[in-house]
$ cat data.cif   # mmCIF, C-alpha atoms
data_query
#
loop_
_atom_site.group_PDB
_atom_site.id
_atom_site.type_symbol
_atom_site.label_atom_id
_atom_site.label_comp_id
_atom_site.auth_asym_id
_atom_site.auth_seq_id
_atom_site.Cartn_x
_atom_site.Cartn_y
_atom_site.Cartn_z
ATOM 1 C CA MET A 1 199.022 324.092 20.914
ATOM 2 C CA LEU A 2 202.757 324.417 21.677
ATOM 3 C CA ARG A 3 203.527 323.505 18.080
ATOM 4 C CA HIS A 4 201.285 326.308 16.864
ATOM 5 C CA VAL A 5 202.952 328.820 19.204
ATOM 6 C CA LEU A 6 206.394 327.847 17.978
ATOM 7 C CA LEU A 7 205.252 328.144 14.386
ATOM 8 C CA ILE A 8 203.886 331.638 14.991
ATOM 9 C CA VAL A 9 207.139 332.733 16.630
ATOM 10 C CA ALA A 10 209.194 331.326 13.789
ATOM 11 C CA CYS A 11 207.044 333.063 11.191
ATOM 12 C CA ALA A 12 207.246 336.348 13.078
ATOM 13 C CA THR A 13 211.022 336.052 13.134
ATOM 14 C CA ILE A 14 211.105 335.668 9.388
ATOM 15 C CA VAL A 15 208.864 338.678 8.897
ATOM 16 C CA ILE A 16 210.931 341.049 11.032
ATOM 17 C CA LEU A 17 214.269 340.272 9.417
ATOM 18 C CA PRO A 18 214.848 343.501 7.429
ATOM 19 C CA SER A 19 217.020 344.083 4.424
ATOM 20 C CA GLN A 20 218.291 347.172 6.199
ATOM 21 C CA LEU A 21 220.475 347.226 9.275
ATOM 22 C CA PRO A 22 218.953 346.236 12.608
ATOM 23 C CA ALA A 23 217.790 348.968 14.933
ATOM 24 C CA GLN A 24 220.402 349.683 17.563
ATOM 25 C CA THR A 25 219.843 350.338 21.226
ATOM 26 C CA PRO A 26 221.877 352.701 23.422
ATOM 27 C CA SER A 27 223.913 349.755 24.750
ATOM 28 C CA ALA A 28 225.186 349.135 21.224
ATOM 29 C CA PHE A 29 227.109 352.397 21.427
ATOM 30 C CA LEU A 30 228.475 352.165 24.969
ATOM 31 C CA ALA A 31 232.247 352.327 25.404
ATOM 32 C CA VAL A 32 232.103 349.686 28.144
ATOM 33 C CA PRO A 33 230.003 346.549 28.669
ATOM 34 C CA ASP A 34 226.572 347.041 30.240
ATOM 35 C CA ASP A 35 227.800 345.348 33.414
ATOM 36 C CA GLY A 36 231.049 347.330 33.584
ATOM 37 C CA PRO A 37 231.779 350.616 35.370
ATOM 38 C CA PRO A 38 230.237 353.737 33.819
ATOM 39 C CA ASP A 39 232.406 355.833 31.532
ATOM 40 C CA PRO A 40 233.700 358.891 33.454
ATOM 41 C CA ALA A 41 232.108 361.168 30.847
ATOM 42 C CA PHE A 42 228.692 359.825 31.842
ATOM 43 C CA VAL A 43 229.050 361.065 35.410
ATOM 44 C CA GLN A 44 226.751 364.033 35.915
ATOM 45 C CA VAL A 45 229.039 366.207 38.016
ATOM 46 C CA PRO A 46 227.613 368.541 40.666
ATOM 47 C CA GLU A 47 226.839 371.962 39.208
ATOM 48 C CA ASP A 48 227.505 375.495 40.378
ATOM 49 C CA PRO A 49 224.197 377.317 39.825
ATOM 50 C CA GLY A 50 226.083 380.536 39.172
ATOM 51 C CA LEU A 51 227.909 379.158 36.113
ATOM 52 C CA PRO A 52 226.705 378.656 32.509
ATOM 53 C CA ARG A 53 225.800 375.125 31.424
ATOM 54 C CA VAL A 54 227.593 373.335 28.587
ATOM 55 C CA LEU A 55 226.478 370.116 26.901
ATOM 56 C CA ILE A 56 228.949 367.997 24.941
ATOM 57 C CA MET A 57 227.003 365.657 22.681
ATOM 58 C CA GLY A 58 228.717 362.946 20.654
ATOM 59 C CA ASP A 59 230.166 359.457 20.427
ATOM 60 C CA SER A 60 233.070 357.801 22.264
ATOM 61 C CA ILE A 61 235.550 360.362 20.914
ATOM 62 C CA SER A 62 233.674 363.150 22.714
ATOM 63 C CA MET A 63 233.439 360.931 25.776
ATOM 64 C CA GLY A 64 237.225 360.654 25.693
ATOM 65 C CA TYR A 65 237.836 364.401 25.850
ATOM 66 C CA THR A 66 234.917 365.470 28.090
ATOM 67 C CA TRP A 67 236.980 365.198 31.283
ATOM 68 C CA GLU A 68 239.722 367.368 29.789
ATOM 69 C CA VAL A 69 237.125 369.996 28.907
ATOM 70 C CA ARG A 70 235.708 369.819 32.431
ATOM 71 C CA LYS A 71 239.177 370.298 33.899
ATOM 72 C CA LEU A 72 239.985 373.291 31.701
ATOM 73 C CA LEU A 73 236.615 374.963 32.252
ATOM 74 C CA ALA A 74 236.458 374.310 35.998
ATOM 75 C CA GLY A 75 235.078 377.409 37.689
ATOM 76 C CA LYS A 76 233.908 378.764 34.319
ATOM 77 C CA ALA A 77 231.143 376.369 33.247
ATOM 78 C CA ASN A 78 229.201 373.272 34.237
ATOM 79 C CA VAL A 79 230.117 370.690 31.577
ATOM 80 C CA GLN A 80 227.915 367.639 31.055
ATOM 81 C CA HIS A 81 227.632 364.788 28.541
ATOM 82 C CA PRO A 82 224.555 362.590 27.974
ATOM 83 C CA THR A 83 224.801 359.338 29.935
ATOM 84 C CA VAL A 84 225.162 357.368 26.714
ATOM 85 C CA ASN A 85 227.316 357.254 23.615
ATOM 86 C CA CYS A 86 225.187 359.361 21.253
ATOM 87 C CA GLY A 87 225.911 357.012 18.334
ATOM 88 C CA PRO A 88 224.786 357.691 14.749
ATOM 89 C CA SER A 89 222.840 360.761 13.656
ATOM 90 C CA GLN A 90 219.524 358.887 13.388
ATOM 91 C CA PHE A 91 219.852 357.815 17.003
ATOM 92 C CA GLY A 92 220.702 361.408 17.862
ATOM 93 C CA ALA A 93 217.667 362.782 16.067
ATOM 94 C CA GLU A 94 215.451 360.356 17.984
ATOM 95 C CA HIS A 95 216.923 361.106 21.430
ATOM 96 C CA VAL A 96 218.184 364.698 21.341
ATOM 97 C CA THR A 97 215.150 366.048 23.195
ATOM 98 C CA GLN A 98 215.712 363.518 25.975
ATOM 99 C CA TRP A 99 219.396 364.466 26.256
ATOM 100 C CA LEU A 100 218.595 368.175 26.464
ATOM 101 C CA GLY A 101 216.288 367.637 29.422
ATOM 102 C CA GLU A 102 214.375 370.518 30.931
ATOM 103 C CA LYS A 103 217.191 372.783 32.120
ATOM 104 C CA SER A 104 218.708 375.498 29.961
ATOM 105 C CA TRP A 105 222.050 375.270 28.144
ATOM 106 C CA GLN A 106 224.281 378.166 27.138
ATOM 107 C CA VAL A 107 226.623 376.243 24.810
ATOM 108 C CA ILE A 108 226.083 372.915 23.018
ATOM 109 C CA TYR A 109 229.150 371.338 21.407
ATOM 110 C CA PHE A 110 228.076 368.418 19.239
ATOM 111 C CA ASN A 111 229.196 365.852 16.677
ATOM 112 C CA PHE A 112 227.780 362.907 14.752
ATOM 113 C CA GLY A 113 229.544 360.952 12.018
ATOM 114 C CA LEU A 114 231.755 358.043 13.066
ATOM 115 C CA HIS A 115 228.766 355.776 13.652
ATOM 116 C CA ASP A 116 227.108 356.870 10.413
ATOM 117 C CA ILE A 117 230.010 355.795 8.232
ATOM 118 C CA LYS A 118 230.549 352.333 9.733
ATOM 119 C CA TYR A 119 229.595 349.160 7.851
ATOM 120 C CA LEU A 120 227.557 346.517 9.672
ATOM 121 C CA ASN A 121 226.051 343.178 8.723
ATOM 122 C CA GLU A 122 222.575 342.028 9.754
ATOM 123 C CA LYS A 123 223.933 340.898 13.123
ATOM 124 C CA GLY A 124 225.356 344.337 13.842
ATOM 125 C CA ASP A 125 228.965 343.206 13.440
ATOM 126 C CA TYR A 126 231.594 345.512 11.943
ATOM 127 C CA VAL A 127 232.421 344.291 8.423
ATOM 128 C CA THR A 128 234.022 345.351 5.161
ATOM 129 C CA PRO A 129 231.825 347.251 2.656
ATOM 130 C CA ASP A 130 231.277 344.168 0.482
ATOM 131 C CA LYS A 131 229.780 342.242 3.422
ATOM 132 C CA GLY A 132 227.463 344.815 4.949
ATOM 133 C CA LYS A 133 225.717 348.131 4.686
ATOM 134 C CA GLN A 134 226.708 351.615 5.753
ATOM 135 C CA VAL A 135 224.625 352.885 8.650
ATOM 136 C CA ALA A 136 223.585 356.118 6.900
ATOM 137 C CA SER A 137 223.986 357.505 3.405
ATOM 138 C CA ILE A 138 225.223 361.077 3.110
ATOM 139 C CA GLU A 139 221.700 362.247 2.283
ATOM 140 C CA GLN A 140 220.287 360.467 5.336
ATOM 141 C CA TYR A 141 223.086 361.969 7.423
ATOM 142 C CA LYS A 142 222.291 365.475 6.202
ATOM 143 C CA THR A 143 218.586 365.035 6.916
ATOM 144 C CA ASN A 144 219.335 363.785 10.424
ATOM 145 C CA LEU A 145 221.674 366.708 11.123
ATOM 146 C CA ARG A 146 219.000 369.184 10.034
ATOM 147 C CA ASN A 147 216.498 367.530 12.378
ATOM 148 C CA ILE A 148 218.970 367.596 15.269
ATOM 149 C CA ILE A 149 219.782 371.259 14.643
ATOM 150 C CA ALA A 150 216.094 372.187 14.555
ATOM 151 C CA THR A 151 215.730 370.757 18.065
ATOM 152 C CA LEU A 152 218.970 372.274 19.375
ATOM 153 C CA ARG A 153 218.015 375.723 18.121
ATOM 154 C CA ARG A 154 214.974 375.764 20.364
ATOM 155 C CA THR A 155 217.285 375.872 23.397
ATOM 156 C CA GLY A 156 218.681 379.266 22.423
ATOM 157 C CA ALA A 157 222.187 377.931 23.171
ATOM 158 C CA ARG A 158 225.319 378.781 21.223
ATOM 159 C CA LEU A 159 225.849 375.809 18.890
ATOM 160 C CA ILE A 160 229.261 374.498 17.834
ATOM 161 C CA PHE A 161 229.670 371.473 15.549
ATOM 162 C CA ALA A 162 232.871 369.421 15.802
ATOM 163 C CA THR A 163 233.971 367.593 12.659
ATOM 164 C CA THR A 164 234.426 363.827 12.789
ATOM 165 C CA THR A 165 237.991 362.776 13.532
ATOM 166 C CA PRO A 166 240.036 360.711 11.038
ATOM 167 C CA VAL A 167 239.601 357.017 10.275
ATOM 168 C CA PRO A 168 243.071 355.391 10.101
ATOM 169 C CA ASN A 169 244.100 352.578 7.798
ATOM 170 C CA GLY A 170 243.157 349.183 9.217
ATOM 171 C CA ALA A 171 240.221 350.406 11.318
ATOM 172 C CA VAL A 172 237.566 347.671 11.317
ATOM 173 C CA GLY A 173 234.186 348.482 9.781
ATOM 174 C CA ARG A 174 235.110 351.887 8.371
ATOM 175 C CA VAL A 175 236.821 353.159 5.216
ATOM 176 C CA PRO A 176 239.476 355.876 5.547
ATOM 177 C CA GLY A 177 238.299 358.982 3.739
ATOM 178 C CA ASP A 178 234.590 358.390 4.279
ATOM 179 C CA GLU A 179 234.699 360.691 7.301
ATOM 180 C CA ALA A 180 236.088 363.488 5.106
ATOM 181 C CA ARG A 181 233.132 363.171 2.722
ATOM 182 C CA TYR A 182 230.654 363.231 5.585
ATOM 183 C CA ASN A 183 232.483 366.172 7.146
ATOM 184 C CA ALA A 184 232.101 368.084 3.880
ATOM 185 C CA ALA A 185 228.363 367.374 3.973
ATOM 186 C CA ALA A 186 228.157 368.437 7.619
ATOM 187 C CA LYS A 187 230.019 371.689 6.904
ATOM 188 C CA GLU A 188 227.516 372.393 4.148
ATOM 189 C CA ILE A 189 224.656 372.000 6.633
ATOM 190 C CA MET A 190 226.398 374.116 9.266
ATOM 191 C CA LYS A 191 227.067 376.895 6.762
ATOM 192 C CA GLU A 192 223.424 377.057 5.704
ATOM 193 C CA SER A 193 222.420 377.004 9.388
ATOM 194 C CA GLY A 194 224.941 379.637 10.497
ATOM 195 C CA ILE A 195 226.587 377.277 12.993
ATOM 196 C CA GLU A 196 230.237 377.506 14.000
ATOM 197 C CA VAL A 197 232.455 374.534 13.042
ATOM 198 C CA ASP A 198 235.397 373.300 15.085
ATOM 199 C CA ASP A 199 237.528 371.281 12.657
ATOM 200 C CA LEU A 200 238.901 368.521 14.899
ATOM 201 C CA TRP A 201 239.669 366.438 11.799
ATOM 202 C CA SER A 202 242.242 368.965 10.576
ATOM 203 C CA LEU A 203 243.589 369.452 14.101
ATOM 204 C CA VAL A 204 244.844 365.870 14.430
ATOM 205 C CA LYS A 205 245.053 364.576 10.846
ATOM 206 C CA THR A 206 248.806 365.057 10.463
ATOM 207 C CA SER A 207 249.664 363.573 13.886
ATOM 208 C CA LEU A 208 247.666 360.334 13.939
ATOM 209 C CA GLN A 209 250.710 358.126 14.465
ATOM 210 C CA THR A 210 251.420 359.775 17.797
ATOM 211 C CA LEU A 211 247.881 360.682 18.924
ATOM 212 C CA GLN A 212 245.682 357.791 17.789
ATOM 213 C CA GLN A 213 245.606 354.129 18.716
ATOM 214 C CA PRO A 214 246.928 351.799 15.964
ATOM 215 C CA ARG A 215 244.270 350.804 13.399
ATOM 216 C CA ASN A 216 241.627 352.295 15.701
ATOM 217 C CA VAL A 217 239.485 355.444 15.532
ATOM 218 C CA HIS A 218 240.068 356.091 19.248
ATOM 219 C CA PHE A 219 242.878 358.191 20.668
ATOM 220 C CA ASN A 220 245.542 357.806 23.312
ATOM 221 C CA ALA A 221 245.717 360.054 26.391
ATOM 222 C CA GLU A 222 247.691 362.766 24.595
ATOM 223 C CA GLY A 223 245.259 362.706 21.695
ATOM 224 C CA TYR A 224 242.281 363.221 23.988
ATOM 225 C CA ARG A 225 244.163 365.966 25.823
ATOM 226 C CA ILE A 226 244.699 367.877 22.578
ATOM 227 C CA LEU A 227 241.110 367.369 21.434
ATOM 228 C CA GLY A 228 239.833 368.448 24.841
ATOM 229 C CA ALA A 229 241.984 371.574 24.857
ATOM 230 C CA GLU A 230 240.650 372.593 21.456
ATOM 231 C CA ALA A 231 237.043 371.917 22.414
ATOM 232 C CA ALA A 232 237.439 373.804 25.696
ATOM 233 C CA SER A 233 238.924 376.792 23.889
ATOM 234 C CA ARG A 234 236.037 376.980 21.430
ATOM 235 C CA ILE A 235 233.437 376.470 24.129
ATOM 236 C CA GLU A 236 234.963 379.127 26.373
ATOM 237 C CA ARG A 237 234.785 381.688 23.572
ATOM 238 C CA GLY A 238 231.094 380.895 23.235
ATOM 239 C CA LEU A 239 230.236 381.324 26.899
ATOM 240 C CA PRO A 240 228.113 384.339 27.859
ATOM 241 C CA VAL A 241 230.078 387.266 29.252
ATOM 242 C CA ALA A 242 229.833 387.440 33.021
ATOM 243 C CA LYS A 243 227.940 390.495 34.257
#
$ encode --input "data.cif" --output "structure tokens"
Amino acid sequence: MLRHVLLIVACATIVILPSQLPAQTPSAFLAVPDDGPPDPAFVQVPEDPGLPRVLIMGDSISMGYTWEVRKLLAGKANVQHPTVNCGPSQFGAEHVTQWLGEKSWQVIYFNFGLHDIKYLNEKGDYVTPDKGKQVASIEQYKTNLRNIIATLRRTGARLIFATTTPVPNGAVGRVPGDEARYNAAAKEIMKESGIEVDDLWSLVKTSLQTLQQPRNVHFNAEGYRILGAEAASRIERGLPVAK
């Protein structure tokens, strides 16, 4: 009997091995280990019921500048981020309703892209293009963005899309320049949807040596400060006028 059970398990394992990339869970996108302290961006700060609500939705880059935005908009808006790295656009399309929750939002500042352009092998490891597969093609990315936007529109919030920040030379699992192609596709979608674009890519592109970590898509403290200041400025302009 045990032999038969083992055989069934083995066969099932063979059947579920896909040619495409493995499905990824929220923990695959976390900036810290599951057993580590929560990222500060994940903290749902107490809200002032008299202030408008702002949702920043994105990957670890957005997590890095959320606290700067909160600081700059203190007393002007309640700024929250989903309690997870929002990962690739497919993951976003599947979970956006959950992240929105049941309360209203006045401004939603969002981005997807860095996790769409990465190359992974069947184990989910970051690899070079010749050893893996890109998470999403540009067409898949565009479809996912349209689905996300359709859900976001139902909130009635002011929507602002932030372009994906640059991929430097030497960054593992990504190819420099891919983010520019995906940004062009995203801008196309935002134009047809009438959504404002905040071009973070252009903001930092010429200063990567001083703002970004070496051979890494993430930024240093000054980089996140600059990104946060830009995001806060755009968000503030989109806030409803106080009556």
$ closest_atom_pairs --input "data.cif" --of "segment 103-217 of chain A" --to "segment 49-59 of chain A" --cutoff "10 Å" --atoms "only C-alpha atoms" --output "CSV"
residue,atom,partner,partner_atom,distance
A:Lys103,CA,A:Arg53,CA,8.9
A:Ser104,CA,A:Arg53,CA,7.3
A:Trp105,CA,A:Arg53,CA,5.0
A:Gln106,CA,A:Arg53,CA,5.5
A:Val107,CA,A:Val54,CA,4.9
A:Ile108,CA,A:Leu55,CA,4.8
A:Tyr109,CA,A:Ile56,CA,4.9
A:Phe110,CA,A:Met57,CA,4.5
A:Asn111,CA,A:Gly58,CA,4.9
A:Phe112,CA,A:Gly58,CA,6.0
A:Gly113,CA,A:Asp59,CA,8.6
A:Leu114,CA,A:Asp59,CA,7.7
A:His115,CA,A:Asp59,CA,7.8
A:Ala157,CA,A:Val54,CA,8.9
A:Arg158,CA,A:Val54,CA,9.4
A:Leu159,CA,A:Leu55,CA,9.8
A:Ile160,CA,A:Ile56,CA,9.6
A:Phe161,CA,A:Met57,CA,9.6
A:Ala162,CA,A:Gly58,CA,9.1
A:Thr164,CA,A:Gly58,CA,9.8
$ atom_distance --input "data.cif" --atom1 "atom CA of Pro166 of chain A" --atom2 "atom CA of Glu68 of chain A"
19.9 Å
$ resolve_selection --input "data.cif" --expression "the PyMOL selection byres ((chain A and resi 168) around 9)" --output "PyMOL selection string"
chain A and resi 166-167+169-171+174-177+208+212+214-217
$ resolve_selection --input "data.cif" --expression "the PyMOL selection byres ((chain A and resi 87) around 9)" --output "list of chain:residue names"
A:Pro26, A:Ala28, A:Phe29, A:Leu30, A:Gly58, A:Asp59, A:Ser60, A:Val84, A:Asn85, A:Cys86, A:Pro88, A:Ser89, A:Gln90, A:Phe91, A:Gly92, A:Phe112, A:Gly113, A:Leu114, A:His115, A:Asp116
$ axis_aligned_box --input "data.cif" --around "segment 221-228 of chain A" --padding-each-side "4 Å" --output "lines of an AutoDock Vina configuration file"
center_x = 243.8
center_y = 364.3
center_z = 23.9
size_x = 15.9
size_y = 16.4
size_z = 13.0
$ resolve_selection --input "data.cif" --expression "the PyMOL selection byres ((chain A and resi 73) around 10)" --output "PDB file with C-alpha atoms, in the coordinates of the input"
ATOM      1  CA  VAL A  54     227.593 373.335  28.587  1.00  0.00           C
ATOM      2  CA  TRP A  67     236.980 365.198  31.283  1.00  0.00           C
ATOM      3  CA  GLU A  68     239.722 367.368  29.789  1.00  0.00           C
ATOM      4  CA  VAL A  69     237.125 369.996  28.907  1.00  0.00           C
ATOM      5  CA  ARG A  70     235.708 369.819  32.431  1.00  0.00           C
ATOM      6  CA  LYS A  71     239.177 370.298  33.899  1.00  0.00           C
ATOM      7  CA  LEU A  72     239.985 373.291  31.701  1.00  0.00           C
ATOM      8  CA  ALA A  74     236.458 374.310  35.998  1.00  0.00           C
ATOM      9  CA  GLY A  75     235.078 377.409  37.689  1.00  0.00           C
ATOM     10  CA  LYS A  76     233.908 378.764  34.319  1.00  0.00           C
ATOM     11  CA  ALA A  77     231.143 376.369  33.247  1.00  0.00           C
ATOM     12  CA  ASN A  78     229.201 373.272  34.237  1.00  0.00           C
ATOM     13  CA  VAL A  79     230.117 370.690  31.577  1.00  0.00           C
ATOM     14  CA  ALA A 229     241.984 371.574  24.857  1.00  0.00           C
ATOM     15  CA  ALA A 232     237.439 373.804  25.696  1.00  0.00           C
ATOM     16  CA  SER A 233     238.924 376.792  23.889  1.00  0.00           C
ATOM     17  CA  ILE A 235     233.437 376.470  24.129  1.00  0.00           C
ATOM     18  CA  GLU A 236     234.963 379.127  26.373  1.00  0.00           C
TER      19      GLU A 236
END
$ atom_distance --input "data.cif" --atom1 "atom CA of Leu152 of chain A" --atom2 "atom CA of Val241 of chain A"
21.1 Å
$ closest_residue --input "data.cif" --among "A:Gln134, A:Ser193, A:Ser202, A:Thr165" --to "Phe219 of chain A" --atoms "all atoms listed in the file"
A:Thr165
$ atom_distance --input "data.cif" --atom1 "atom CA of Leu145 of chain A" --atom2 "atom CA of Gln80 of chain A"
20.9 Å
$ residues_around --input "data.cif" --residues "Glu192 of chain A" --least-positions-apart "3" --cutoff "12 Å" --atoms "all atoms listed in the file" --output "list in words"
Lys142, Leu145, Arg146, Ile149, Ala185, Ala186, Lys187, Glu188, Ile189, Ile195, Glu196 and Val197 of chain A
$ residues_around --input "data.cif" --residues "Lys131 of chain A" --least-positions-apart "5" --cutoff "9 Å" --atoms "only C-alpha atoms" --output "number ranges by chain"
A: 119-121
$ closest_residue --input "data.cif" --among "A:Gln209, A:Pro46, A:Tyr65, A:Glu102" --to "Arg154 of chain A" --atoms "all atoms listed in the file"
A:Glu102
$ residues_around --input "data.cif" --residues "Gly132 of chain A" --least-positions-apart "6" --cutoff "10 Å" --atoms "all atoms listed in the file" --output "ChimeraX atom specification"
/A:20-21,118-126,173
$ residues_around --input "data.cif" --residues "Ile226 of chain A" --least-positions-apart "4" --cutoff "10 Å" --atoms "all atoms listed in the file" --output "list in words"
Tyr65, Glu68, Leu200, Leu203, Val204, Leu211, Ala221, Glu222, Glu230, Ala231 and Ala232 of chain A
$ build_atoms --input "data.cif" --residues "segment 158-187 of chain A" --atoms "N, CA and C atoms" --output "PDB file, in the coordinates of the input"
ATOM      1  N   ARG A 158     224.307 378.621  22.268  1.00  0.00           N
ATOM      2  CA  ARG A 158     225.319 378.781  21.223  1.00  0.00           C
ATOM      3  C   ARG A 158     225.680 377.383  20.740  1.00  0.00           C
ATOM      4  N   LEU A 159     225.587 377.141  19.435  1.00  0.00           N
ATOM      5  CA  LEU A 159     225.849 375.809  18.890  1.00  0.00           C
ATOM      6  C   LEU A 159     227.204 375.772  18.198  1.00  0.00           C
ATOM      7  N   ILE A 160     227.962 374.709  18.470  1.00  0.00           N
ATOM      8  CA  ILE A 160     229.261 374.498  17.834  1.00  0.00           C
ATOM      9  C   ILE A 160     229.316 373.050  17.373  1.00  0.00           C
ATOM     10  N   PHE A 161     229.563 372.839  16.083  1.00  0.00           N
ATOM     11  CA  PHE A 161     229.670 371.473  15.549  1.00  0.00           C
ATOM     12  C   PHE A 161     231.139 371.101  15.413  1.00  0.00           C
ATOM     13  N   ALA A 162     231.507 369.937  15.926  1.00  0.00           N
ATOM     14  CA  ALA A 162     232.871 369.421  15.802  1.00  0.00           C
ATOM     15  C   ALA A 162     232.912 368.406  14.661  1.00  0.00           C
ATOM     16  N   THR A 163     233.871 368.549  13.763  1.00  0.00           N
ATOM     17  CA  THR A 163     233.971 367.593  12.659  1.00  0.00           C
ATOM     18  C   THR A 163     234.406 366.225  13.187  1.00  0.00           C
ATOM     19  N   THR A 164     234.077 365.197  12.429  1.00  0.00           N
ATOM     20  CA  THR A 164     234.426 363.827  12.789  1.00  0.00           C
ATOM     21  C   THR A 164     235.926 363.600  12.598  1.00  0.00           C
ATOM     22  N   THR A 165     236.544 363.000  13.568  1.00  0.00           N
ATOM     23  CA  THR A 165     237.991 362.776  13.532  1.00  0.00           C
ATOM     24  C   THR A 165     238.357 361.672  12.534  1.00  0.00           C
ATOM     25  N   PRO A 166     239.618 361.612  12.113  1.00  0.00           N
ATOM     26  CA  PRO A 166     240.036 360.711  11.038  1.00  0.00           C
ATOM     27  C   PRO A 166     239.872 359.216  11.324  1.00  0.00           C
ATOM     28  N   VAL A 167     239.622 358.482  10.244  1.00  0.00           N
ATOM     29  CA  VAL A 167     239.601 357.017  10.275  1.00  0.00           C
ATOM     30  C   VAL A 167     240.953 356.539   9.746  1.00  0.00           C
ATOM     31  N   PRO A 168     241.754 355.838  10.554  1.00  0.00           N
ATOM     32  CA  PRO A 168     243.071 355.391  10.101  1.00  0.00           C
ATOM     33  C   PRO A 168     242.987 354.114   9.261  1.00  0.00           C
ATOM     34  N   ASN A 169     244.030 353.833   8.542  1.00  0.00           N
ATOM     35  CA  ASN A 169     244.100 352.578   7.798  1.00  0.00           C
ATOM     36  C   ASN A 169     244.028 351.406   8.769  1.00  0.00           C
ATOM     37  N   GLY A 170     243.262 350.379   8.398  1.00  0.00           N
ATOM     38  CA  GLY A 170     243.157 349.183   9.217  1.00  0.00           C
ATOM     39  C   GLY A 170     242.045 349.208  10.238  1.00  0.00           C
ATOM     40  N   ALA A 171     241.338 350.331  10.366  1.00  0.00           N
ATOM     41  CA  ALA A 171     240.221 350.406  11.318  1.00  0.00           C
ATOM     42  C   ALA A 171     239.083 349.515  10.833  1.00  0.00           C
ATOM     43  N   VAL A 172     238.600 348.639  11.691  1.00  0.00           N
ATOM     44  CA  VAL A 172     237.566 347.671  11.317  1.00  0.00           C
ATOM     45  C   VAL A 172     236.217 348.365  11.115  1.00  0.00           C
ATOM     46  N   GLY A 173     235.545 348.015  10.004  1.00  0.00           N
ATOM     47  CA  GLY A 173     234.186 348.482   9.781  1.00  0.00           C
ATOM     48  C   GLY A 173     234.048 349.880   9.212  1.00  0.00           C
ATOM     49  N   ARG A 174     235.162 350.541   8.944  1.00  0.00           N
ATOM     50  CA  ARG A 174     235.110 351.887   8.371  1.00  0.00           C
ATOM     51  C   ARG A 174     236.153 352.019   7.267  1.00  0.00           C
ATOM     52  N   VAL A 175     235.906 352.933   6.334  1.00  0.00           N
ATOM     53  CA  VAL A 175     236.821 353.159   5.216  1.00  0.00           C
ATOM     54  C   VAL A 175     237.472 354.528   5.375  1.00  0.00           C
ATOM     55  N   PRO A 176     238.807 354.581   5.440  1.00  0.00           N
ATOM     56  CA  PRO A 176     239.476 355.876   5.547  1.00  0.00           C
ATOM     57  C   PRO A 176     239.051 356.804   4.407  1.00  0.00           C
ATOM     58  N   GLY A 177     238.746 358.017   4.745  1.00  0.00           N
ATOM     59  CA  GLY A 177     238.299 358.982   3.739  1.00  0.00           C
ATOM     60  C   GLY A 177     236.800 359.210   3.747  1.00  0.00           C
ATOM     61  N   ASP A 178     236.046 358.211   4.195  1.00  0.00           N
ATOM     62  CA  ASP A 178     234.590 358.390   4.279  1.00  0.00           C
ATOM     63  C   ASP A 178     234.247 359.538   5.228  1.00  0.00           C
ATOM     64  N   GLU A 179     235.005 359.634   6.329  1.00  0.00           N
ATOM     65  CA  GLU A 179     234.699 360.691   7.301  1.00  0.00           C
ATOM     66  C   GLU A 179     234.909 362.074   6.698  1.00  0.00           C
ATOM     67  N   ALA A 180     235.853 362.191   5.754  1.00  0.00           N
ATOM     68  CA  ALA A 180     236.088 363.488   5.106  1.00  0.00           C
ATOM     69  C   ALA A 180     234.890 363.873   4.236  1.00  0.00           C
ATOM     70  N   ARG A 181     234.306 362.893   3.552  1.00  0.00           N
ATOM     71  CA  ARG A 181     233.132 363.171   2.722  1.00  0.00           C
ATOM     72  C   ARG A 181     231.937 363.573   3.580  1.00  0.00           C
ATOM     73  N   TYR A 182     231.769 362.902   4.692  1.00  0.00           N
ATOM     74  CA  TYR A 182     230.654 363.231   5.585  1.00  0.00           C
ATOM     75  C   TYR A 182     230.900 364.565   6.294  1.00  0.00           C
ATOM     76  N   ASN A 183     232.165 364.870   6.578  1.00  0.00           N
ATOM     77  CA  ASN A 183     232.483 366.172   7.146  1.00  0.00           C
ATOM     78  C   ASN A 183     232.143 367.294   6.170  1.00  0.00           C
ATOM     79  N   ALA A 184     232.427 367.071   4.887  1.00  0.00           N
ATOM     80  CA  ALA A 184     232.101 368.084   3.880  1.00  0.00           C
ATOM     81  C   ALA A 184     230.593 368.327   3.848  1.00  0.00           C
ATOM     82  N   ALA A 185     229.821 367.246   3.959  1.00  0.00           N
ATOM     83  CA  ALA A 185     228.363 367.374   3.973  1.00  0.00           C
ATOM     84  C   ALA A 185     227.906 368.106   5.234  1.00  0.00           C
ATOM     85  N   ALA A 186     228.520 367.784   6.357  1.00  0.00           N
ATOM     86  CA  ALA A 186     228.157 368.437   7.619  1.00  0.00           C
ATOM     87  C   ALA A 186     228.489 369.930   7.567  1.00  0.00           C
ATOM     88  N   LYS A 187     229.641 370.278   7.006  1.00  0.00           N
ATOM     89  CA  LYS A 187     230.019 371.689   6.904  1.00  0.00           C
ATOM     90  C   LYS A 187     229.021 372.452   6.038  1.00  0.00           C
TER      91      LYS A 187
END
